[in-house]
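Student: Input upload.txt, format and content: compact mmCIF, C-alpha atoms.
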```
# COMPACT_ATOMS: atom_id res chain seq x y z
CA MET O 1 22.03 13.25 -97.45
CA SER O 2 23.29 12.63 -93.95
CA GLU O 3 21.12 10.81 -91.41
CA ALA O 4 19.88 12.61 -88.31
CA PRO O 5 21.68 11.54 -85.16
CA SER O 6 19.68 8.99 -83.09
CA THR O 7 18.33 9.98 -79.69
CA VAL O 8 19.19 7.67 -76.77
CA LEU O 9 16.57 7.54 -74.01
CA ALA O 10 18.06 6.78 -70.59
CA VAL O 11 15.71 4.97 -68.21
CA THR O 12 16.48 4.58 -64.51
CA ILE O 13 14.90 1.57 -62.88
CA THR O 14 14.54 1.55 -59.09
CA ILE O 15 14.18 -1.82 -57.48
CA ASP O 16 12.17 -1.91 -54.24
CA PRO O 17 14.30 -3.91 -51.82
CA ILE O 18 11.12 -5.09 -50.08
CA ALA O 19 9.67 -6.43 -53.32
CA ARG O 20 12.75 -8.51 -54.07
CA ARG O 21 12.34 -11.98 -55.51
CA VAL O 22 10.85 -14.51 -53.12
CA SER O 23 9.66 -18.09 -53.47
CA TRP O 24 6.00 -17.26 -52.85
CA THR O 25 3.47 -14.85 -54.29
CA ASP O 26 1.55 -12.06 -52.62
CA GLN O 27 -1.61 -14.15 -52.94
CA GLN O 28 0.04 -17.08 -51.16
CA LEU O 29 1.29 -14.85 -48.36
CA THR O 30 -2.16 -13.30 -47.95
CA ALA O 31 -3.79 -16.72 -47.74
CA ALA O 32 -1.20 -17.98 -45.27
CA VAL O 33 -1.60 -14.92 -42.99
CA LEU O 34 -5.38 -15.31 -43.00
CA SER O 35 -5.29 -19.02 -42.17
CA GLN O 36 -2.45 -19.15 -39.63
CA ARG O 37 -2.06 -17.72 -36.11
CA SER O 38 1.69 -17.09 -35.89
CA TRP O 39 4.56 -16.00 -38.15
CA ARG O 40 6.28 -19.36 -37.78
CA ALA O 41 3.09 -21.09 -38.93
CA VAL O 42 2.94 -18.73 -41.93
CA ALA O 43 6.52 -19.63 -42.83
CA ARG O 44 5.73 -23.33 -42.66
CA GLU O 45 2.58 -22.81 -44.73
CA LEU O 46 4.68 -21.15 -47.46
CA GLY O 47 7.06 -24.10 -47.50
CA LEU O 48 10.00 -22.22 -46.05
CA LYS O 49 12.52 -24.52 -44.47
CA GLY O 50 13.76 -22.05 -41.91
CA THR O 51 11.89 -19.90 -39.40
CA SER O 52 14.81 -17.73 -38.39
CA ALA O 53 14.45 -14.11 -37.30
CA GLY O 54 15.52 -13.01 -40.79
CA VAL O 55 12.80 -15.05 -42.47
CA ILE O 56 10.18 -13.70 -40.05
CA ARG O 57 11.33 -10.10 -40.66
CA THR O 58 10.95 -10.62 -44.42
CA LEU O 59 7.44 -11.99 -44.01
CA LYS O 60 6.47 -9.08 -41.76
CA ARG O 61 7.81 -6.50 -44.23
CA HIS O 62 5.78 -7.96 -47.06
CA ALA O 63 2.70 -8.21 -44.86
CA VAL O 64 3.03 -4.51 -44.05
CA ARG O 65 3.45 -3.73 -47.77
CA LEU O 66 0.24 -5.62 -48.51
CA GLY O 67 -1.62 -4.12 -45.52
CA LEU O 68 -2.42 -7.53 -44.05
CA ASP O 69 -4.20 -7.78 -40.69
CA THR O 70 -2.30 -9.94 -38.19
CA SER O 71 -4.31 -9.11 -35.07
CA HIS O 72 -5.42 -12.75 -34.86
CA PHE O 73 -1.83 -13.91 -34.39
CA ILE O 74 -1.24 -15.32 -30.90
CA GLY O 75 2.26 -16.77 -31.04
CA SER O 76 2.57 -18.94 -27.94
CA ARG O 77 -0.55 -17.36 -26.43
CA SER O 78 -3.95 -19.05 -26.41
CA TRP O 79 -5.89 -15.80 -27.00
CA THR O 80 -6.00 -13.22 -29.76
CA ASP O 81 -5.80 -9.43 -29.69
CA ALA O 82 -9.54 -9.40 -30.32
CA ASP O 83 -10.05 -11.66 -27.29
CA LEU O 84 -7.95 -9.28 -25.19
CA ARG O 85 -9.87 -6.20 -26.36
CA THR O 86 -13.19 -7.84 -25.53
CA ALA O 87 -12.02 -9.04 -22.11
CA ILE O 88 -10.58 -5.66 -21.12
CA ALA O 89 -13.70 -3.78 -22.23
CA ALA O 90 -15.95 -6.00 -20.09
CA ALA O 91 -13.70 -6.37 -17.04
CA ALA O 92 -13.34 -4.42 -13.80
CA THR O 93 -10.06 -6.03 -12.71
CA TRP O 94 -7.09 -7.80 -14.26
CA ALA O 95 -8.34 -10.97 -12.56
CA ASP O 96 -11.51 -10.62 -14.65
CA VAL O 97 -9.45 -10.20 -17.82
CA ILE O 98 -7.36 -13.31 -17.19
CA ARG O 99 -10.44 -15.36 -16.34
CA ASP O 100 -12.21 -14.24 -19.52
CA LEU O 101 -9.14 -15.15 -21.58
CA GLY O 102 -9.47 -18.70 -20.25
CA VAL O 103 -5.97 -19.03 -18.80
CA SER O 104 -4.60 -19.61 -15.30
CA ASP O 105 -4.18 -16.44 -13.27
CA THR O 106 -0.38 -16.38 -12.85
CA ALA O 107 2.14 -13.56 -12.72
CA ASP O 108 3.35 -14.55 -16.20
CA ALA O 109 -0.19 -14.54 -17.63
CA ARG O 110 -0.88 -11.09 -16.20
CA ALA O 111 2.43 -9.69 -17.41
CA ARG O 112 1.77 -11.03 -20.93
CA ALA O 113 -1.75 -9.58 -21.06
CA LYS O 114 -0.64 -6.21 -19.67
CA SER O 115 2.30 -6.00 -22.08
CA ARG O 116 0.13 -6.83 -25.08
CA ALA O 117 -2.49 -4.29 -24.00
CA LEU O 118 0.24 -1.65 -23.74
CA ARG O 119 1.57 -2.44 -27.22
CA LEU O 120 -1.94 -2.28 -28.65
CA GLY O 121 -2.62 1.04 -26.91
CA LEU O 122 -5.70 -0.30 -25.11
CA ASP O 123 -7.32 1.78 -22.37
CA VAL O 124 -6.90 -0.10 -19.08
CA SER O 125 -7.47 2.85 -16.74
CA HIS O 126 -10.66 1.25 -15.40
CA LEU O 127 -8.89 -1.94 -14.33
CA ARG O 128 -7.71 -2.50 -10.76
CA ALA O 129 -5.13 -5.03 -9.63
CA ILE O 130 -7.30 -6.09 -6.67
CA PRO O 131 -11.04 -5.59 -6.32
CA VAL O 132 -11.86 -2.81 -3.85
CA PRO O 133 -14.36 -4.25 -1.38
CA PRO O 134 -17.24 -2.18 -0.09
CA ARG O 135 -16.51 -0.28 3.11
CA PHE O 136 -16.73 -2.67 6.04
CA SER O 137 -19.20 -1.75 8.74
CA ALA O 138 -20.38 -3.66 11.78
CA GLY O 139 -22.77 -0.92 12.82
CA ALA O 140 -22.29 1.99 15.17
CA ALA O 141 -20.35 1.58 18.40
CA ASP O 142 -22.77 1.06 21.29
CA PRO O 143 -21.68 2.10 24.82
CA ARG O 144 -23.79 -0.76 26.15
CA ASN O 145 -21.12 -3.12 24.79
CA LEU O 146 -18.32 -1.35 26.66
CA ARG O 147 -18.30 -3.85 29.52
CA ASP O 148 -17.61 -6.73 27.11
CA ALA O 149 -15.00 -4.79 25.14
CA ALA O 150 -13.11 -3.27 28.07
CA PRO O 151 -10.85 -6.26 28.97
CA ALA O 152 -9.61 -6.40 25.37
CA ILE O 153 -9.02 -2.63 25.36
CA VAL O 154 -6.99 -2.82 28.56
CA ALA O 155 -5.10 -5.91 27.39
CA ALA O 156 -4.18 -4.12 24.14
CA TRP O 157 -2.92 -1.09 26.10
CA PHE O 158 -0.53 -3.29 28.09
CA ALA O 159 0.46 -5.45 25.10
CA LEU O 160 1.44 -2.36 23.09
CA ARG O 161 3.87 -1.56 25.89
CA GLY O 162 5.51 -4.95 25.71
CA CYS O 163 3.72 -6.50 28.68
CA ALA O 164 2.52 -10.08 28.42
CA VAL O 165 -1.17 -10.41 29.29
CA SER O 166 -3.04 -13.52 30.43
CA VAL O 167 -6.72 -14.15 31.15
CA PRO O 168 -7.29 -16.21 34.32
CA LEU O 169 -9.78 -19.00 34.80
CA GLU O 170 -12.98 -17.86 36.49
CA PRO O 171 -13.91 -17.12 39.16
CA GLN O 172 -11.19 -14.71 40.26
CA ASP O 173 -11.15 -11.25 41.78
CA TYR O 174 -9.14 -10.03 38.79
CA ASP O 175 -9.75 -10.01 35.04
CA LEU O 176 -6.18 -9.89 33.71
CA LEU O 177 -2.71 -10.99 34.75
CA VAL O 178 -0.09 -8.57 33.42
CA ALA O 179 3.66 -9.14 33.48
CA LEU O 180 5.20 -5.76 34.32
CA PRO O 181 8.93 -5.13 34.86
CA THR O 182 8.18 -5.04 38.59
CA GLY O 183 6.38 -8.38 38.55
CA VAL O 184 3.02 -9.92 37.69
CA GLN O 185 0.08 -7.68 38.51
CA ARG O 186 -3.57 -8.65 38.97
CA ILE O 187 -5.83 -6.17 37.20
CA GLN O 188 -9.58 -5.79 37.75
CA VAL O 189 -11.34 -4.12 34.78
CA LYS O 190 -14.29 -1.81 35.35
CA THR O 191 -16.35 0.42 33.05
CA THR O 192 -18.78 3.28 33.36
CA THR O 193 -21.16 5.13 31.07
CA TYR O 194 -22.76 7.11 33.86
CA ARG O 195 -22.40 10.79 34.68
CA GLY O 196 -23.97 12.44 37.68
CA SER O 197 -26.12 15.55 37.58
CA ASP O 198 -22.92 17.59 37.87
CA GLY O 199 -21.54 15.97 34.69
CA LYS O 200 -18.83 14.03 36.51
CA TRP O 201 -18.08 10.40 35.66
CA GLN O 202 -18.97 7.90 38.37
CA VAL O 203 -17.97 4.24 38.50
CA GLY O 204 -18.67 1.33 40.83
CA ILE O 205 -15.59 -0.65 41.85
CA GLY O 206 -17.21 -3.03 44.31
CA ARG O 207 -17.97 -6.70 43.87
CA HIS O 208 -20.71 -9.09 44.83
CA PRO O 209 -19.80 -11.67 47.45
CA TYR O 210 -19.45 -15.12 45.92
CA ALA O 211 -22.35 -16.38 48.08
CA TYR O 212 -25.05 -13.75 48.18
CA GLU O 213 -28.72 -13.08 47.90
CA LYS O 214 -29.91 -10.62 45.25
CA GLU O 215 -30.61 -7.99 47.87
CA VAL O 216 -27.01 -8.07 49.16
CA GLY O 217 -25.06 -5.03 47.98
CA LYS O 218 -21.56 -4.88 46.58
CA ILE O 219 -18.54 -4.86 48.84
CA ALA O 220 -15.03 -3.47 48.41
CA TYR O 221 -12.26 -5.68 47.05
CA ASP O 222 -9.77 -7.18 49.48
CA PRO O 223 -6.62 -5.03 49.01
CA GLU O 224 -4.55 -8.22 48.84
CA SER O 225 -6.61 -9.73 45.98
CA ILE O 226 -5.65 -7.27 43.22
CA GLU O 227 -2.96 -4.70 42.46
CA ALA O 228 -4.95 -2.20 40.38
CA PHE O 229 -8.20 -1.21 38.72
CA ALA O 230 -8.25 -0.50 34.98
CA ILE O 231 -11.29 1.66 34.30
CA VAL O 232 -12.65 2.50 30.83
CA ARG O 233 -14.97 5.49 30.65
CA GLY O 234 -17.90 5.80 28.26
CA ASP O 235 -15.90 8.26 26.13
CA GLY O 236 -12.99 5.83 25.80
CA LEU O 237 -10.58 7.31 28.37
CA LEU O 238 -8.59 4.72 30.31
CA TYR O 239 -7.53 4.93 33.97
CA LEU O 240 -5.08 2.69 35.81
CA ILE O 241 -5.61 3.18 39.54
CA PRO O 242 -3.56 1.24 42.13
CA ILE O 243 -5.55 -0.50 44.84
CA ALA O 244 -3.65 1.46 47.45
CA ALA O 245 -5.32 4.67 46.22
CA VAL O 246 -8.89 3.35 46.54
CA ALA O 247 -8.74 0.52 49.07
CA GLY O 248 -11.98 0.00 50.93
CA ARG O 249 -14.11 1.93 48.42
CA SER O 250 -16.89 0.55 46.24
CA GLY O 251 -17.48 3.64 44.12
CA LEU O 252 -15.48 6.54 42.68
CA VAL O 253 -15.95 9.93 41.06
CA LEU O 254 -13.32 9.64 38.35
CA ASP O 255 -12.73 13.37 38.00
CA ALA O 256 -10.81 13.18 41.27
CA TYR O 257 -8.40 10.59 39.85
CA GLU O 258 -7.18 12.25 36.66
CA ARG O 259 -3.57 11.71 37.72
CA TYR O 260 -4.20 8.03 36.94
CA LEU O 261 -5.50 8.69 33.42
CA VAL O 262 -3.15 6.76 31.10
CA GLY O 263 -4.69 6.65 27.63
CA SER O 264 -7.71 6.60 25.36
CA ALA O 265 -9.65 4.27 23.14
CA ALA O 266 -11.94 7.06 21.95
CA SER O 267 -11.34 6.28 18.27
CA LEU O 268 -12.95 2.85 18.78
CA LEU O 269 -16.18 4.61 19.72
CA SER O 270 -16.12 6.81 16.63
CA GLU O 271 -17.65 6.01 13.23
CA VAL O 272 -14.67 7.59 11.47
CA ALA O 273 -11.40 5.71 11.71
CA GLY O 274 -8.63 7.94 12.99
CA ALA O 275 -10.94 10.34 14.84
CA PRO O 276 -9.12 12.71 17.23
CA ILE O 277 -8.14 11.03 20.47
CA PRO O 278 -8.22 13.04 23.72
CA ALA O 279 -4.75 13.64 25.11
CA ALA O 280 -3.74 11.47 28.07
CA VAL O 281 -3.16 13.19 31.41
CA GLY O 282 -0.31 12.43 33.81
```
Step by step, read the file and then write its structure as C-alpha cells.
Tutor:
Amino acid sequence: MSEAPSTVLAVTITIDPIARRVSWTDQQLTAAVLSQRSWRAVARELGLKGTSAGVIRTLKRHAVRLGLDTSHFIGSRSWTDADLRTAIAAAATWADVIRDLGVSDTADARARAKSRALRLGLDVSHLRAIPVPPRFSAGAADPRNLRDAAPAIVAAWFALRGCAVSVPLEPQDYDLLVALPTGVQRIQVKTTTYRGSDGKWQVGIGRHPYAYEKEVGKIAYDPESIEAFAIVRGDGLLYLIPIAAVAGRSGLVLDAYERYLVGSAASLLSEVAGAPIPAAVG
C-alpha cells in the first residue's frame, strides 16, 4: 500500500523593522524614558556609547511603538511642556510666560517658548507681546489753562515749519523769539476765551506798565518792542497778527482779523484724539 503524499505548510514570517534586535528591553527603555529628561540622557541610561541622530531616531521609534509619554523631556531647556502649558494658561502676556518659566526674558527664550507652544498646538490667542496700558487721561481740557498752554502751542506751530524758537529771560515785552527766513522776530502771545454779546471773539492785547498801581489800566505795546502778536482763541484757532496792523491798540475784535488766521489747535481741546480741526483761513 502506497503512502499518502505529505502536505507541506508554508509559513510567511514578517519581521517588524522597528522591533529589530536591540541591546535593551522594552522595560528598560520605559524606565529610562520615565526617569530621564532628554533623549541623550535616555541613551546614556541604556548604556549606549553613541548619541548620534540615528541612535536617537531608533529610541524615538520604539518609544512611539510603546506609547511612552515624553512630555517631560526638556532637552537644553529648563522647563517642561507641562510647565509651559501651565504658564500659558495663567498668563496675559509672553513676558508673564517667560517669568513663570523662571528664565531670563530674552529674544531666544521667547522664540523657544513660542516655537514649543506652536508644536504642541497650545492656544496662545490671549497672549500679547506687550501689555496694553489703560487709556491715559489727564482729565478734560480746561479753557482756563489756555493762557499757560498758549506759548507752547505757538512755539510748536513755528517749530513744525522749521523755525527755531527761543524763550527769553523775563521781563520782556515778548514771549518768544522766532528765527524766520527774514530774521529773528519777537512774538507776544495772547489768549482769549471771551465772546461779546454778539458772539464775536474779543481779546486784550495791551500790557501793564512795569511800574504801576493796581488801578492803572493796560497800555498799548511800543511798536518797536515786538514784531507780531500770536493769539490763541478759546476754540483753538491761532492768529498771527503783525504789530503794524494793530499798533496803538489794546484790544481787538478778532472777527475783523480773519486774514491773519494761520492754524488751529482745536484737537488739543477735544477729549477725542484726532477730532476734526477747523480749516485755516488765509
Student: Smallest atom-to-atom distance to Ala63 in chain O: which of O:Ala266, O:Val167, O:Ala31, O:Thr80, using only C-alpha atoms?
Tutor: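 Using only C-alpha atoms, the shortest distance to Ala63 in chain O belongs to O:Ala31.
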Student: Which residue, O:Glu258, O:Asp148, O:Asp108, O:Asp100, has the smallest gap to Asp83 in chain O when you use only C-alpha atoms?
Tutor: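 Checking each of O:Glu258, O:Asp148, O:Asp108, O:Asp100 against Asp83 in chain O, counting only C-alpha atoms, the winner is O:Asp100.
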Student: Tell me which protein, DNA and RNA residues are within 8 Å of range 150-165 of chain O, counting all atoms listed in the file, leaving out same-chain ones fewer than 4 positions away, and put them as a short mmCIF file (atom, residue, chain, number, x, y, z; two decimals) with C-alpha atoms, keeping the file's coordinate frame.
Tutor:
```cif
data_model
loop_
_atom_site.label_atom_id
_atom_site.label_comp_id
_atom_site.auth_asym_id
_atom_site.auth_seq_id
_atom_site.Cartn_x
_atom_site.Cartn_y
_atom_site.Cartn_z
CA LEU O 146 -18.32 -1.35 26.66
CA ASP O 175 -9.75 -10.01 35.04
CA LEU O 176 -6.18 -9.89 33.71
CA LEU O 177 -2.71 -10.99 34.75
CA VAL O 178 -0.09 -8.57 33.42
CA ALA O 179 3.66 -9.14 33.48
CA LEU O 180 5.20 -5.76 34.32
CA VAL O 189 -11.34 -4.12 34.78
CA LYS O 190 -14.29 -1.81 35.35
CA THR O 191 -16.35 0.42 33.05
CA ALA O 230 -8.25 -0.50 34.98
CA VAL O 232 -12.65 2.50 30.83
CA LEU O 238 -8.59 4.72 30.31
CA ALA O 265 -9.65 4.27 23.14
#
```
Student: Could you check the closest approach to Ile241 in chain O for each of O:Asp69, O:Glu227, O:Asp26, O:Glu45 and tell me which residue wins, using all atoms listed in the file?
Tutor: O:Glu227
Student: For Val203 in chain O, which of O:Arg249, O:Arg259, O:Lys114, O:Lys60 is the closest residue, counting only C-alpha atoms?
Tutor: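 Counting only C-alpha atoms, the residue closest to Val203 in chain O is O:Arg249.
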Student: Give me, please, the distance in Å between CA of Ser38 in chain O and CA of His72 in chain O, quoted to one decimal.
Tutor: 8.4 Å
Student: Between CA of Ala32 in chain O and CA of Arg44 in chain O, what distance in Å does the model show, to one decimal?
Tutor: 9.1 Å
Student: What is the distance between CA of Pro143 in chain O and CA of Tyr194 in chain O, in Å to one decimal?
Tutor: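 We find that CA of Pro143 in chain O and CA of Tyr194 in chain O lie 10.4 Å from each other.
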Student: Between O:Ile231, O:Leu261, O:Leu68, O:Ala113, which residue has the minimum interatomic distance to Arg85 in chain O, considering all atoms listed in the file?
Tutor: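 Using all atoms listed in the file, the shortest distance to Arg85 in chain O belongs to O:Ala113.
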Student: Tell me which residues come within 7 Å of (-19.6, 3.5, 19.2), as an NGL selection string, counting all atoms listed in the file in the file's coordinates.
Tutor: :O and (140-143 or 268-271)
